[in-house]
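Asker: This is the content of entry30.txt (compact mmCIF, C-alpha atoms):
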```
# COMPACT_ATOMS: atom_id res chain seq x y z
CA MET A 17 147.44 80.38 25.75
CA LYS A 18 146.52 79.45 22.19
CA ILE A 19 145.45 81.39 19.11
CA ARG A 20 143.66 80.13 16.00
CA PHE A 21 145.45 81.56 12.96
CA VAL A 22 143.47 81.36 9.72
CA THR A 23 145.91 80.81 6.87
CA ARG A 24 146.60 78.29 4.14
CA ASN A 25 150.22 79.47 4.00
CA LYS A 26 152.53 77.01 5.76
CA HIS A 27 155.40 79.54 5.80
CA LYS A 28 153.29 82.11 7.61
CA PHE A 29 152.18 79.50 10.10
CA VAL A 30 155.78 78.53 10.91
CA GLU A 31 156.96 82.15 11.16
CA VAL A 32 154.16 83.06 13.53
CA SER A 33 154.51 79.91 15.64
CA LYS A 34 158.20 80.66 16.18
CA ALA A 35 157.64 84.38 16.84
CA LEU A 36 155.07 83.63 19.55
CA GLN A 37 157.07 80.89 21.29
CA GLU A 38 158.75 83.35 23.66
CA TYR A 39 155.29 84.54 24.80
CA GLY A 40 154.19 81.01 25.58
CA ILE A 41 151.44 81.31 22.99
CA LYS A 42 150.70 78.28 20.84
CA VAL A 43 149.42 78.71 17.31
CA GLU A 44 146.81 76.47 15.73
CA GLN A 45 146.49 76.64 11.95
CA LEU A 46 142.95 76.91 10.58
CA CYS A 47 143.02 76.10 6.86
CA LEU A 48 140.13 78.23 5.64
CA ASP A 49 139.79 80.84 2.92
CA LYS A 50 139.86 84.41 4.11
CA LEU A 51 137.30 85.88 1.66
CA GLU A 52 139.46 88.88 0.92
CA ILE A 53 137.79 91.96 -0.51
CA GLN A 54 139.39 94.46 -2.86
CA ALA A 55 139.91 97.22 -0.35
CA LYS A 56 141.96 100.37 -0.07
CA SER A 57 143.98 99.17 2.88
CA LEU A 58 145.20 95.99 4.54
CA SER A 59 143.14 96.95 7.60
CA ASP A 60 139.92 96.95 5.56
CA VAL A 61 140.78 93.53 4.16
CA VAL A 62 141.53 92.12 7.60
CA ARG A 63 138.39 93.55 9.22
CA PHE A 64 136.12 92.02 6.58
CA SER A 65 137.88 88.68 6.78
CA LEU A 66 137.57 88.65 10.57
CA VAL A 67 133.86 89.39 10.61
CA VAL A 68 133.01 86.85 7.92
CA LEU A 69 135.22 84.12 9.42
CA TYR A 70 133.88 84.71 12.92
CA ASN A 71 130.38 84.05 11.59
CA VAL A 72 131.59 80.74 10.22
CA VAL A 73 133.94 79.58 12.98
CA GLY A 74 132.26 81.13 16.02
CA GLU A 75 135.46 81.07 18.09
CA PRO A 76 138.14 83.72 18.69
CA LEU A 77 140.56 83.76 15.77
CA VAL A 78 143.39 85.64 14.11
CA VAL A 79 143.83 86.74 10.51
CA GLU A 80 146.80 88.43 8.83
CA ASP A 81 147.26 90.23 5.57
CA ALA A 82 150.51 91.64 4.26
CA GLY A 83 151.79 93.57 1.28
CA LEU A 84 154.93 94.87 -0.37
CA PHE A 85 154.82 98.62 -1.00
CA ILE A 86 157.40 99.92 -3.49
CA GLU A 87 157.99 103.66 -3.33
CA ALA A 88 158.92 104.20 -6.98
CA LEU A 89 155.80 102.28 -8.05
CA LYS A 90 153.51 104.44 -5.89
CA GLY A 91 152.96 101.63 -3.41
CA PHE A 92 152.36 98.86 -5.98
CA PRO A 93 151.74 95.93 -5.49
CA GLY A 94 150.48 96.90 -1.98
CA VAL A 95 147.17 95.32 -0.98
CA PHE A 96 147.24 93.23 -4.16
CA SER A 97 150.63 91.66 -3.48
CA SER A 98 149.34 88.12 -3.32
CA TYR A 99 147.51 88.41 -6.65
CA VAL A 100 150.47 90.17 -8.28
CA PHE A 101 152.82 87.45 -7.02
CA LYS A 102 150.66 84.75 -8.57
CA THR A 103 150.51 86.54 -11.93
CA ILE A 104 153.53 88.66 -12.92
CA GLY A 105 155.55 87.38 -9.94
CA VAL A 106 159.03 88.30 -8.80
CA ASN A 107 160.24 88.73 -12.39
CA GLY A 108 157.42 91.11 -13.19
CA ILE A 109 158.40 93.32 -10.27
CA LEU A 110 162.08 93.25 -11.28
CA LYS A 111 161.09 94.22 -14.83
CA LEU A 112 159.04 97.17 -13.55
CA MET A 113 162.07 98.19 -11.49
CA GLU A 114 164.56 98.07 -14.40
CA ASN A 115 166.53 101.33 -14.57
CA VAL A 116 164.82 102.58 -11.43
CA SER A 117 167.41 103.88 -8.97
CA ASN A 118 165.00 104.45 -6.05
CA ARG A 119 164.79 100.88 -4.68
CA LYS A 120 163.03 101.81 -1.41
CA ALA A 121 160.22 99.52 -0.35
CA MET A 122 158.46 98.28 2.75
CA PHE A 123 156.64 95.17 3.82
CA LYS A 124 153.57 95.84 5.91
CA SER A 125 151.55 93.33 7.92
CA VAL A 126 148.20 93.83 9.60
CA VAL A 127 147.14 91.22 12.15
CA GLY A 128 143.54 91.13 13.32
CA TYR A 129 142.06 89.44 16.39
CA ILE A 130 138.34 88.86 16.95
CA ASP A 131 136.30 87.51 19.81
CA ASP A 132 132.72 88.02 20.89
CA SER A 133 133.16 91.54 22.21
CA GLN A 134 136.00 93.02 20.18
CA ILE A 135 138.27 93.28 17.19
CA ALA A 136 141.83 94.54 17.51
CA LEU A 137 144.28 95.29 14.69
CA PHE A 138 148.08 95.42 14.96
CA GLU A 139 150.49 96.70 12.33
CA GLY A 140 154.09 95.77 11.63
CA ILE A 141 156.37 97.45 9.10
CA VAL A 142 159.88 96.68 7.85
CA GLU A 143 161.68 99.07 5.52
CA GLY A 144 164.25 97.98 3.00
CA ILE A 145 165.18 97.88 -0.67
CA ILE A 146 164.30 95.86 -3.76
CA ALA A 147 167.25 93.71 -4.87
CA TYR A 148 168.44 93.74 -8.50
CA GLU A 149 168.00 89.99 -8.82
CA PRO A 150 166.29 87.26 -6.79
CA ARG A 151 168.45 85.58 -4.14
CA GLY A 152 167.72 82.69 -1.76
CA ASN A 153 165.14 79.92 -1.67
CA MET A 154 163.64 80.21 1.80
CA GLY A 155 160.51 82.13 2.74
CA PHE A 156 157.82 82.79 0.13
CA GLY A 157 156.33 85.47 -2.10
CA PHE A 158 158.55 88.45 -2.74
CA ASP A 159 161.10 87.40 -0.10
CA PRO A 160 163.84 86.73 -2.73
CA ILE A 161 163.91 90.40 -3.80
CA PHE A 162 163.47 92.20 -0.46
CA ILE A 163 166.52 93.23 1.59
CA PRO A 164 165.54 94.72 4.97
CA ASN A 165 167.51 97.71 6.25
CA GLY A 166 170.28 96.49 8.53
CA SER A 167 171.01 93.36 6.52
CA GLU A 168 172.76 92.38 3.30
CA LYS A 169 170.61 89.32 2.83
CA THR A 170 167.21 89.00 1.19
CA PHE A 171 164.41 87.54 3.31
CA ALA A 172 164.75 84.37 1.20
CA GLU A 173 168.37 83.97 2.34
CA MET A 174 167.38 84.00 6.01
CA SER A 175 166.21 81.24 8.34
CA VAL A 176 162.79 81.74 9.90
CA ASP A 177 164.37 82.93 13.16
CA GLU A 178 166.57 85.42 11.33
CA LYS A 179 163.68 86.72 9.21
CA ASN A 180 161.60 87.11 12.37
CA LYS A 181 164.20 89.54 13.75
CA PHE A 182 163.33 91.96 10.94
CA SER A 183 159.97 91.04 9.59
CA HIS A 184 156.76 93.05 9.47
CA ARG A 185 154.78 89.90 10.32
CA ALA A 186 156.78 89.09 13.46
CA LYS A 187 156.48 92.72 14.61
CA ALA A 188 152.71 92.75 14.18
CA PHE A 189 152.27 89.39 15.90
CA ARG A 190 154.48 90.46 18.80
CA LYS A 191 152.18 93.44 19.33
CA LEU A 192 149.22 91.07 19.33
CA ALA A 193 150.99 88.81 21.83
CA SER A 194 151.78 91.66 24.25
CA TRP A 195 148.19 92.83 24.05
CA LEU A 196 146.78 89.34 24.57
CA ILE A 197 148.93 88.85 27.63
CA GLN A 198 148.70 92.30 29.21
CA ASP A 199 145.72 94.28 28.00
CA LYS A 200 143.04 91.97 26.82
CA PHE A 201 141.75 90.99 30.23
CA LYS A 202 141.47 94.48 31.64
CA ARG A 203 137.96 95.22 30.34
CA MET B 3 134.83 114.26 23.37
CA LYS B 4 132.37 113.47 20.58
CA ILE B 5 130.97 110.29 19.07
CA ARG B 6 129.27 109.81 15.71
CA PHE B 7 126.16 107.70 16.23
CA VAL B 8 124.72 106.18 13.07
CA THR B 9 120.94 106.05 13.42
CA ARG B 10 117.86 107.37 11.67
CA ASN B 11 115.90 107.03 14.93
CA LYS B 12 115.42 110.42 16.59
CA HIS B 13 114.33 108.81 19.88
CA LYS B 14 117.52 106.76 20.10
CA PHE B 15 119.59 109.84 19.35
CA VAL B 16 117.93 111.80 22.18
CA GLU B 17 118.21 108.92 24.66
CA VAL B 18 121.90 108.44 23.95
CA SER B 19 122.69 112.17 23.97
CA LYS B 20 121.13 112.50 27.43
CA ALA B 21 122.75 109.33 28.78
CA LEU B 22 126.23 110.51 27.75
CA GLN B 23 125.87 114.07 29.04
CA GLU B 24 127.28 113.16 32.45
CA TYR B 25 130.42 111.81 30.76
CA GLY B 26 130.93 115.05 28.84
CA ILE B 27 130.54 113.17 25.59
CA LYS B 28 128.64 114.87 22.77
CA VAL B 29 126.69 112.81 20.27
CA GLU B 30 126.48 113.63 16.58
CA GLN B 31 123.72 111.92 14.61
CA LEU B 32 124.75 110.37 11.30
CA CYS B 33 121.61 109.65 9.28
CA LEU B 34 122.76 106.64 7.26
CA ASP B 35 121.37 103.16 6.76
CA LYS B 36 123.03 100.44 8.77
CA LEU B 37 122.88 97.63 6.20
CA GLU B 38 121.71 95.10 8.74
CA ILE B 39 122.19 91.45 7.95
CA GLN B 40 119.96 88.63 9.11
CA ALA B 41 122.20 87.26 11.79
CA LYS B 42 121.91 84.99 14.79
CA SER B 43 122.80 87.67 17.30
CA LEU B 44 122.72 91.43 17.79
CA SER B 45 126.53 91.34 18.01
CA ASP B 46 126.78 89.85 14.52
CA VAL B 47 124.46 92.53 13.15
CA VAL B 48 126.44 95.31 14.81
CA ARG B 49 129.83 94.00 13.67
CA PHE B 50 128.75 93.84 10.03
CA SER B 51 127.19 97.30 10.18
CA LEU B 52 130.35 98.75 11.72
CA VAL B 53 132.68 97.31 9.11
CA VAL B 54 130.51 98.34 6.17
CA LEU B 55 129.84 101.84 7.52
CA TYR B 56 133.50 102.41 8.37
CA ASN B 57 134.34 101.72 4.73
CA VAL B 58 131.86 104.40 3.70
CA VAL B 59 132.42 107.03 6.40
CA GLY B 60 136.13 106.48 7.11
CA GLU B 61 135.88 108.04 10.59
CA PRO B 62 135.36 106.49 14.03
CA LEU B 63 131.67 105.81 14.59
CA VAL B 64 129.13 104.07 16.77
CA VAL B 65 126.26 101.76 15.87
CA GLU B 66 123.59 100.23 18.09
CA ASP B 67 121.12 97.42 17.61
CA ALA B 68 118.50 96.33 20.11
CA GLY B 69 115.83 93.70 20.47
CA LEU B 70 112.99 92.56 22.69
CA PHE B 71 113.34 88.93 23.79
CA ILE B 72 110.16 87.35 25.16
CA GLU B 73 110.74 84.20 27.19
CA ALA B 74 107.42 82.47 26.40
CA LEU B 75 107.99 83.10 22.67
CA LYS B 76 111.48 81.53 22.77
CA GLY B 77 113.13 84.90 22.39
CA PHE B 78 110.90 86.24 19.61
CA PRO B 79 111.03 88.92 18.17
CA GLY B 80 114.73 89.17 19.23
CA VAL B 81 117.11 90.26 16.48
CA PHE B 82 114.13 90.90 14.18
CA SER B 83 112.36 93.28 16.56
CA SER B 84 112.50 96.23 14.21
CA TYR B 85 110.99 94.26 11.32
CA VAL B 86 108.36 92.67 13.57
CA PHE B 87 107.43 96.09 14.94
CA LYS B 88 106.88 97.45 11.42
CA THR B 89 104.72 94.47 10.43
CA ILE B 90 102.63 92.84 13.17
CA GLY B 91 103.53 95.60 15.66
CA VAL B 92 102.60 95.96 19.30
CA ASN B 93 99.17 94.42 18.74
CA GLY B 94 100.68 91.37 17.07
CA ILE B 95 102.87 90.75 20.10
CA LEU B 96 99.93 91.20 22.49
CA LYS B 97 97.91 88.73 20.42
CA LEU B 98 100.73 86.17 20.58
CA MET B 99 100.80 86.71 24.35
CA GLU B 100 97.06 86.21 24.88
CA ASN B 101 96.44 83.65 27.65
CA VAL B 102 100.18 83.40 28.30
CA SER B 103 100.87 83.77 31.99
CA ASN B 104 104.68 83.91 31.72
CA ARG B 105 105.14 87.58 30.77
CA LYS B 106 108.93 87.66 31.33
CA ALA B 107 110.92 89.55 28.70
CA MET B 108 114.11 91.50 28.28
CA PHE B 109 115.34 94.31 26.13
CA LYS B 110 118.92 93.89 24.97
CA SER B 111 121.14 96.49 23.32
CA VAL B 112 124.51 96.00 21.68
CA VAL B 113 126.58 99.11 21.03
CA GLY B 114 129.56 98.91 18.70
CA TYR B 115 132.48 101.30 18.30
CA ILE B 116 134.95 101.25 15.42
CA ASP B 117 138.11 103.17 14.62
CA ASP B 118 141.14 102.36 12.52
CA SER B 119 142.67 99.84 14.89
CA GLN B 120 139.74 98.32 16.75
CA ILE B 121 136.13 97.39 17.23
CA ALA B 122 134.58 97.15 20.69
CA LEU B 123 131.11 95.88 21.58
CA PHE B 124 129.14 96.68 24.75
CA GLU B 125 125.94 95.00 25.92
CA GLY B 126 123.10 96.31 28.04
CA ILE B 127 120.15 94.29 29.31
CA VAL B 128 116.98 95.23 31.17
CA GLU B 129 114.59 92.58 32.44
CA GLY B 130 110.89 93.09 32.85
CA ILE B 131 107.46 91.92 31.78
CA ILE B 132 105.11 92.34 28.85
CA ALA B 133 102.06 94.44 29.79
CA TYR B 134 98.54 93.23 29.01
CA GLU B 135 97.74 96.36 27.03
CA PRO B 136 99.78 99.24 25.56
CA ARG B 137 100.25 102.25 27.83
CA GLY B 138 101.94 105.62 27.24
CA ASN B 139 102.92 107.57 24.16
CA MET B 140 106.58 108.36 24.75
CA GLY B 141 109.54 106.33 23.49
CA PHE B 142 109.17 104.15 20.40
CA GLY B 143 108.84 100.57 19.22
CA PHE B 144 107.69 98.13 21.86
CA ASP B 145 108.06 100.65 24.70
CA PRO B 146 104.25 100.80 25.35
CA ILE B 147 104.15 97.11 26.34
CA PHE B 148 107.41 96.73 28.30
CA ILE B 149 107.48 97.26 32.07
CA PRO B 150 111.02 97.06 33.50
CA ASN B 151 111.50 95.31 36.84
CA GLY B 152 111.45 97.90 39.63
CA SER B 153 108.78 100.05 38.00
CA GLU B 154 105.02 100.03 37.48
CA LYS B 155 105.27 102.11 34.32
CA THR B 156 105.88 101.02 30.76
CA PHE B 157 108.86 102.58 28.96
CA ALA B 158 106.35 104.66 26.98
CA GLU B 159 105.06 106.23 30.20
CA MET B 160 108.54 107.43 31.16
CA SER B 161 110.45 110.58 30.26
CA VAL B 162 113.77 110.02 28.51
CA ASP B 163 115.66 110.58 31.77
CA GLU B 164 113.48 108.09 33.62
CA LYS B 165 113.74 105.49 30.86
CA ASN B 166 117.52 105.94 30.88
CA LYS B 167 117.62 104.87 34.52
CA PHE B 168 116.42 101.43 33.48
CA SER B 169 117.11 101.00 29.84
CA HIS B 170 119.29 98.47 28.06
CA ARG B 171 120.44 101.18 25.66
CA ALA B 172 121.58 103.59 28.37
CA LYS B 173 123.42 100.73 30.12
CA ALA B 174 125.29 99.73 26.97
CA PHE B 175 126.17 103.32 26.10
CA ARG B 176 127.41 103.99 29.63
CA LYS B 177 129.79 101.05 29.24
CA LEU B 178 131.01 102.55 25.98
CA ALA B 179 131.46 105.93 27.65
CA SER B 180 133.52 104.51 30.55
CA TRP B 181 135.68 102.62 28.10
CA LEU B 182 136.18 105.65 25.83
CA ILE B 183 137.24 107.74 28.79
CA GLN B 184 139.35 105.24 30.72
CA ASP B 185 140.58 102.40 28.60
CA LYS B 186 140.69 103.42 24.99
CA PHE B 187 143.89 105.40 25.18
CA LYS B 188 145.93 102.80 27.02
CA ARG B 189 147.09 100.89 23.95
```
Show the structure stored in the file as structure tokens.

Answerer:
Amino acid sequence: MKIRFVTRNKHKFVEVSKALQEYGIKVEQLCLDKLEIQAKSLSDVVRFSLVVLYNVVGEPLVVEDAGLFIEALKGFPGVFSSYVFKTIGVNGILKLMENVSNRKAMFKSVVGYIDDSQIALFEGIVEGIIAYEPRGNMGFGFDPIFIPNGSEKTFAEMSVDEKNKFSHRAKAFRKLASWLIQDKFKR
Amino acid sequence: MKIRFVTRNKHKFVEVSKALQEYGIKVEQLCLDKLEIQAKSLSDVVRFSLVVLYNVVGEPLVVEDAGLFIEALKGFPGVFSSYVFKTIGVNGILKLMENVSNRKAMFKSVVGYIDDSQIALFEGIVEGIIAYEPRGNMGFGFDPIFIPNGSEKTFAEMSVDEKNKFSHRAKAFRKLASWLIQDKFKR
């Protein structure tokens, strides 16, 4: 089996390819823009992207959107994580978190699948804390300041396989994989 | 069980309500516009409507779009049936079909369901022929000139229950109903 994953992010492509290996699912990278809308939730963003992309590509495809939700910042940067990363970045987040003792945060991923008769969304969440300083040079985005519960390392200090044991993205894609293999063909 | 059916068309609402009675599913009419796009297929139209409406309503809902596809007219009026009906109407179609011996046509309906984690589309088709003159005053749209295979009557000469035995719309909604009852809760 093969899925077409629309992303320009090489890191995401590698993470997902490795996570889906054990399901025997191959991942093809489609380098297209996702036309993201400013929506209230990751699910809204993913749904719009899916429908627009399907009109362009015309073949079954997969889209993912993720965000970092920091409790003390009322969920910021949330659905705008990518934009916030490109502007104020990791240092901006650390500045906002200066003298904040509640470091709780979560990464959330929503994966969406579309074909001619359906759309299905799958969510993955990993809880953790915001580090006091950036550590590690692997991964991407806010990985250097996120420490998942159950580890001492930031995501940026982990190999792809290690990150996949914890990550929101791997969890969401594993749900997609189970569904593709077991449920999809029942209708 | 209850579904919210977005339509301003009273006839559609009655047809669907009756068709779903045997499944114990109640239908609530939501009088909103569907924001239809000019798309290549009914499925594309329905998907866009679903995603836009879900952003407005925020609750699970159902949308339907249908079209009359006339073989000798290369599928016209197809996805634009509603617009064509409001402009050139039944008489326009009959004029286009003057001296055309191939009267084959089909009505096609695509029903779409959306909730927070999925979209599902269901298709219903009824084949038949285009009458030589309009007959009957029940139903709506092109019903007075469509005679389904297996009947001598046009859709506009049939009661709602009789039309539902043949109709594209009833077929699509029955598929939705079976899915809602049997499959939806498996994930």

Asker: Restrict the distance test to only C-alpha atoms, flag each residue of chain B within 8 Å of chain A, and return the flagged residues as a PyMOL selection string.

Answerer: chain B and resi 45-46+49-50+53+57+118-124+185+189

Asker: Which polymer residues have any atom within 6 Å of an atom of range 157-171 of chain B, counting all atoms listed in the file, with same-chain residues fewer than 2 positions away left out, as a ChimeraX atom specification?

Answerer: /B:17,110-111,126-128,138-141,145-146,155,173-174

Asker: Tell me, in Å to one decimal, how far CA of Gly94 in chain A is from CA of Ala35 in chain A.

Answerer: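 Between CA of Gly94 in chain A and CA of Ala35 in chain A the gap works out to 23.7 Å.
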
Asker: Onto chain B, please fit chain A by least squares using all C-alpha atoms in order, then return the transformed chain as a compact mmCIF listing (two decimals) with C-alpha atoms, in the frame of the given file.

Answerer:
```txt
# COMPACT_ATOMS: atom_id res chain seq x y z
CA MET A 17 134.84 114.25 23.37
CA LYS A 18 132.37 113.48 20.59
CA ILE A 19 130.97 110.29 19.07
CA ARG A 20 129.30 109.81 15.69
CA PHE A 21 126.17 107.71 16.23
CA VAL A 22 124.72 106.18 13.06
CA THR A 23 120.95 106.06 13.42
CA ARG A 24 117.87 107.38 11.67
CA ASN A 25 115.91 107.04 14.92
CA LYS A 26 115.44 110.43 16.59
CA HIS A 27 114.34 108.79 19.88
CA LYS A 28 117.53 106.77 20.09
CA PHE A 29 119.58 109.85 19.36
CA VAL A 30 117.93 111.80 22.19
CA GLU A 31 118.21 108.92 24.67
CA VAL A 32 121.89 108.45 23.95
CA SER A 33 122.68 112.17 23.97
CA LYS A 34 121.13 112.50 27.43
CA ALA A 35 122.76 109.32 28.77
CA LEU A 36 126.22 110.52 27.73
CA GLN A 37 125.85 114.08 29.04
CA GLU A 38 127.27 113.18 32.46
CA TYR A 39 130.42 111.83 30.75
CA GLY A 40 130.93 115.06 28.85
CA ILE A 41 130.54 113.18 25.58
CA LYS A 42 128.64 114.88 22.78
CA VAL A 43 126.69 112.82 20.28
CA GLU A 44 126.49 113.64 16.59
CA GLN A 45 123.73 111.92 14.62
CA LEU A 46 124.76 110.38 11.29
CA CYS A 47 121.62 109.65 9.27
CA LEU A 48 122.78 106.65 7.26
CA ASP A 49 121.39 103.17 6.75
CA LYS A 50 123.04 100.47 8.78
CA LEU A 51 122.90 97.64 6.19
CA GLU A 52 121.70 95.12 8.74
CA ILE A 53 122.19 91.45 7.97
CA GLN A 54 119.94 88.63 9.11
CA ALA A 55 122.20 87.27 11.80
CA LYS A 56 121.90 85.00 14.80
CA SER A 57 122.80 87.67 17.30
CA LEU A 58 122.73 91.43 17.79
CA SER A 59 126.53 91.35 17.99
CA ASP A 60 126.79 89.85 14.49
CA VAL A 61 124.47 92.54 13.15
CA VAL A 62 126.45 95.32 14.81
CA ARG A 63 129.84 94.01 13.67
CA PHE A 64 128.75 93.85 10.03
CA SER A 65 127.19 97.29 10.18
CA LEU A 66 130.35 98.75 11.72
CA VAL A 67 132.68 97.31 9.11
CA VAL A 68 130.52 98.34 6.16
CA LEU A 69 129.84 101.84 7.52
CA TYR A 70 133.50 102.41 8.36
CA ASN A 71 134.34 101.73 4.71
CA VAL A 72 131.86 104.40 3.70
CA VAL A 73 132.43 107.03 6.40
CA GLY A 74 136.12 106.49 7.12
CA GLU A 75 135.89 108.05 10.60
CA PRO A 76 135.37 106.49 14.04
CA LEU A 77 131.68 105.81 14.58
CA VAL A 78 129.13 104.08 16.77
CA VAL A 79 126.27 101.76 15.85
CA GLU A 80 123.58 100.22 18.07
CA ASP A 81 121.13 97.42 17.61
CA ALA A 82 118.51 96.33 20.11
CA GLY A 83 115.83 93.70 20.47
CA LEU A 84 112.99 92.56 22.68
CA PHE A 85 113.35 88.93 23.78
CA ILE A 86 110.17 87.34 25.15
CA GLU A 87 110.74 84.19 27.18
CA ALA A 88 107.44 82.46 26.40
CA LEU A 89 108.00 83.08 22.68
CA LYS A 90 111.49 81.52 22.75
CA GLY A 91 113.16 84.90 22.38
CA PHE A 92 110.90 86.22 19.59
CA PRO A 93 111.03 88.90 18.17
CA GLY A 94 114.73 89.16 19.22
CA VAL A 95 117.10 90.26 16.46
CA PHE A 96 114.11 90.88 14.19
CA SER A 97 112.35 93.28 16.55
CA SER A 98 112.48 96.23 14.21
CA TYR A 99 110.98 94.26 11.31
CA VAL A 100 108.35 92.67 13.57
CA PHE A 101 107.41 96.10 14.93
CA LYS A 102 106.87 97.44 11.43
CA THR A 103 104.69 94.48 10.43
CA ILE A 104 102.61 92.83 13.18
CA GLY A 105 103.51 95.59 15.67
CA VAL A 106 102.59 95.96 19.32
CA ASN A 107 99.15 94.41 18.74
CA GLY A 108 100.66 91.37 17.09
CA ILE A 109 102.86 90.76 20.12
CA LEU A 110 99.92 91.21 22.51
CA LYS A 111 97.90 88.72 20.44
CA LEU A 112 100.72 86.16 20.60
CA MET A 113 100.80 86.71 24.36
CA GLU A 114 97.04 86.19 24.90
CA ASN A 115 96.46 83.63 27.67
CA VAL A 116 100.18 83.40 28.30
CA SER A 117 100.89 83.76 32.02
CA ASN A 118 104.71 83.90 31.73
CA ARG A 119 105.16 87.58 30.79
CA LYS A 120 108.95 87.67 31.32
CA ALA A 121 110.92 89.54 28.70
CA MET A 122 114.12 91.50 28.28
CA PHE A 123 115.36 94.31 26.12
CA LYS A 124 118.93 93.89 24.96
CA SER A 125 121.15 96.50 23.32
CA VAL A 126 124.52 96.00 21.68
CA VAL A 127 126.59 99.12 21.01
CA GLY A 128 129.58 98.90 18.70
CA TYR A 129 132.49 101.31 18.31
CA ILE A 130 134.97 101.25 15.42
CA ASP A 131 138.12 103.16 14.63
CA ASP A 132 141.15 102.37 12.52
CA SER A 133 142.67 99.84 14.89
CA GLN A 134 139.74 98.32 16.75
CA ILE A 135 136.13 97.39 17.23
CA ALA A 136 134.59 97.15 20.68
CA LEU A 137 131.11 95.88 21.58
CA PHE A 138 129.14 96.68 24.75
CA GLU A 139 125.95 95.01 25.91
CA GLY A 140 123.12 96.33 28.04
CA ILE A 141 120.16 94.31 29.31
CA VAL A 142 116.98 95.25 31.18
CA GLU A 143 114.61 92.58 32.44
CA GLY A 144 110.90 93.10 32.84
CA ILE A 145 107.45 91.93 31.80
CA ILE A 146 105.10 92.33 28.84
CA ALA A 147 102.07 94.43 29.79
CA TYR A 148 98.53 93.22 29.02
CA GLU A 149 97.74 96.35 27.04
CA PRO A 150 99.75 99.23 25.56
CA ARG A 151 100.23 102.24 27.85
CA GLY A 152 101.92 105.61 27.25
CA ASN A 153 102.90 107.57 24.16
CA MET A 154 106.56 108.37 24.74
CA GLY A 155 109.52 106.36 23.48
CA PHE A 156 109.16 104.16 20.39
CA GLY A 157 108.83 100.57 19.23
CA PHE A 158 107.67 98.12 21.86
CA ASP A 159 108.05 100.65 24.70
CA PRO A 160 104.25 100.79 25.34
CA ILE A 161 104.15 97.10 26.35
CA PHE A 162 107.41 96.73 28.30
CA ILE A 163 107.48 97.27 32.07
CA PRO A 164 111.02 97.07 33.49
CA ASN A 165 111.52 95.32 36.83
CA GLY A 166 111.45 97.90 39.61
CA SER A 167 108.78 100.06 37.99
CA GLU A 168 105.03 100.03 37.45
CA LYS A 169 105.26 102.12 34.33
CA THR A 170 105.87 101.03 30.75
CA PHE A 171 108.85 102.58 28.97
CA ALA A 172 106.32 104.65 26.98
CA GLU A 173 105.04 106.23 30.21
CA MET A 174 108.51 107.44 31.17
CA SER A 175 110.44 110.58 30.26
CA VAL A 176 113.75 110.03 28.50
CA ASP A 177 115.66 110.59 31.76
CA GLU A 178 113.47 108.11 33.61
CA LYS A 179 113.75 105.49 30.85
CA ASN A 180 117.52 105.96 30.86
CA LYS A 181 117.61 104.89 34.53
CA PHE A 182 116.42 101.43 33.48
CA SER A 183 117.11 101.00 29.83
CA HIS A 184 119.29 98.47 28.04
CA ARG A 185 120.45 101.20 25.64
CA ALA A 186 121.59 103.59 28.37
CA LYS A 187 123.43 100.74 30.12
CA ALA A 188 125.29 99.74 26.96
CA PHE A 189 126.19 103.33 26.09
CA ARG A 190 127.41 103.99 29.63
CA LYS A 191 129.79 101.05 29.25
CA LEU A 192 131.01 102.54 25.98
CA ALA A 193 131.47 105.92 27.66
CA SER A 194 133.52 104.51 30.55
CA TRP A 195 135.69 102.62 28.10
CA LEU A 196 136.18 105.64 25.85
CA ILE A 197 137.24 107.75 28.79
CA GLN A 198 139.35 105.24 30.73
CA ASP A 199 140.54 102.36 28.60
CA LYS A 200 140.67 103.39 25.01
CA PHE A 201 143.90 105.34 25.22
CA LYS A 202 145.91 102.72 27.05
CA ARG A 203 147.07 100.80 23.97
```

Asker: Measuring between all atoms listed in the file, which one of A:Leu110, A:Leu77, A:Ile19, A:Ala147 shows the shortest distance to Ser33 in chain A?

Answerer: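 Using all atoms listed in the file, Ser33 in chain A sits closest to A:Ile19.
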
Asker: Which residues are near Ile41 in chain A? Cut-off 8 Å, all atoms listed in the file, ignore same chain within fewer than 6 positions. Put them as number ranges by chain.

Answerer: A: 17-19, 193

Asker: Using CA of Val43 in chain A and CA of Val61 in chain A as the two end points, give the distance in Å to one decimal.

Answerer: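 Separation between CA of Val43 in chain A and CA of Val61 in chain A: 21.6 Å.
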
Asker: When you draw a straight line from CA of Gln54 in chain A to CA of Glu61 in chain B, how long is it in Å?

Answerer: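 Between these atoms lies a distance of 19.4 Å.
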
Asker: Identify which of the residues A:Leu46, A:Ile53, A:Ala186, A:Val32 lies closest to Phe123 in chain A, counting only C-alpha atoms when measuring atom-to-atom distances.

Answerer: A:Ala186

Asker: Please provide the set of residues having any atom within 6 Å of Phe85 in chain A, restricted to all atoms listed in the file, with same-chain residues fewer than 3 positions apart removed, written as a ChimeraX atom specification.

Answerer: /A:91-92,94,121-122

Asker: Residues of the last selection are to be written out with C-alpha atoms, as a PDB file, in the frame of the given file.

Answerer:
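Result saved to out.pdb:
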```
ATOM      1  CA  GLY A  91     152.960 101.630  -3.410  1.00  0.00           C
ATOM      2  CA  PHE A  92     152.360  98.860  -5.980  1.00  0.00           C
ATOM      3  CA  GLY A  94     150.480  96.900  -1.980  1.00  0.00           C
ATOM      4  CA  ALA A 121     160.220  99.520  -0.350  1.00  0.00           C
ATOM      5  CA  MET A 122     158.460  98.280   2.750  1.00  0.00           C
TER       6      MET A 122
END
```
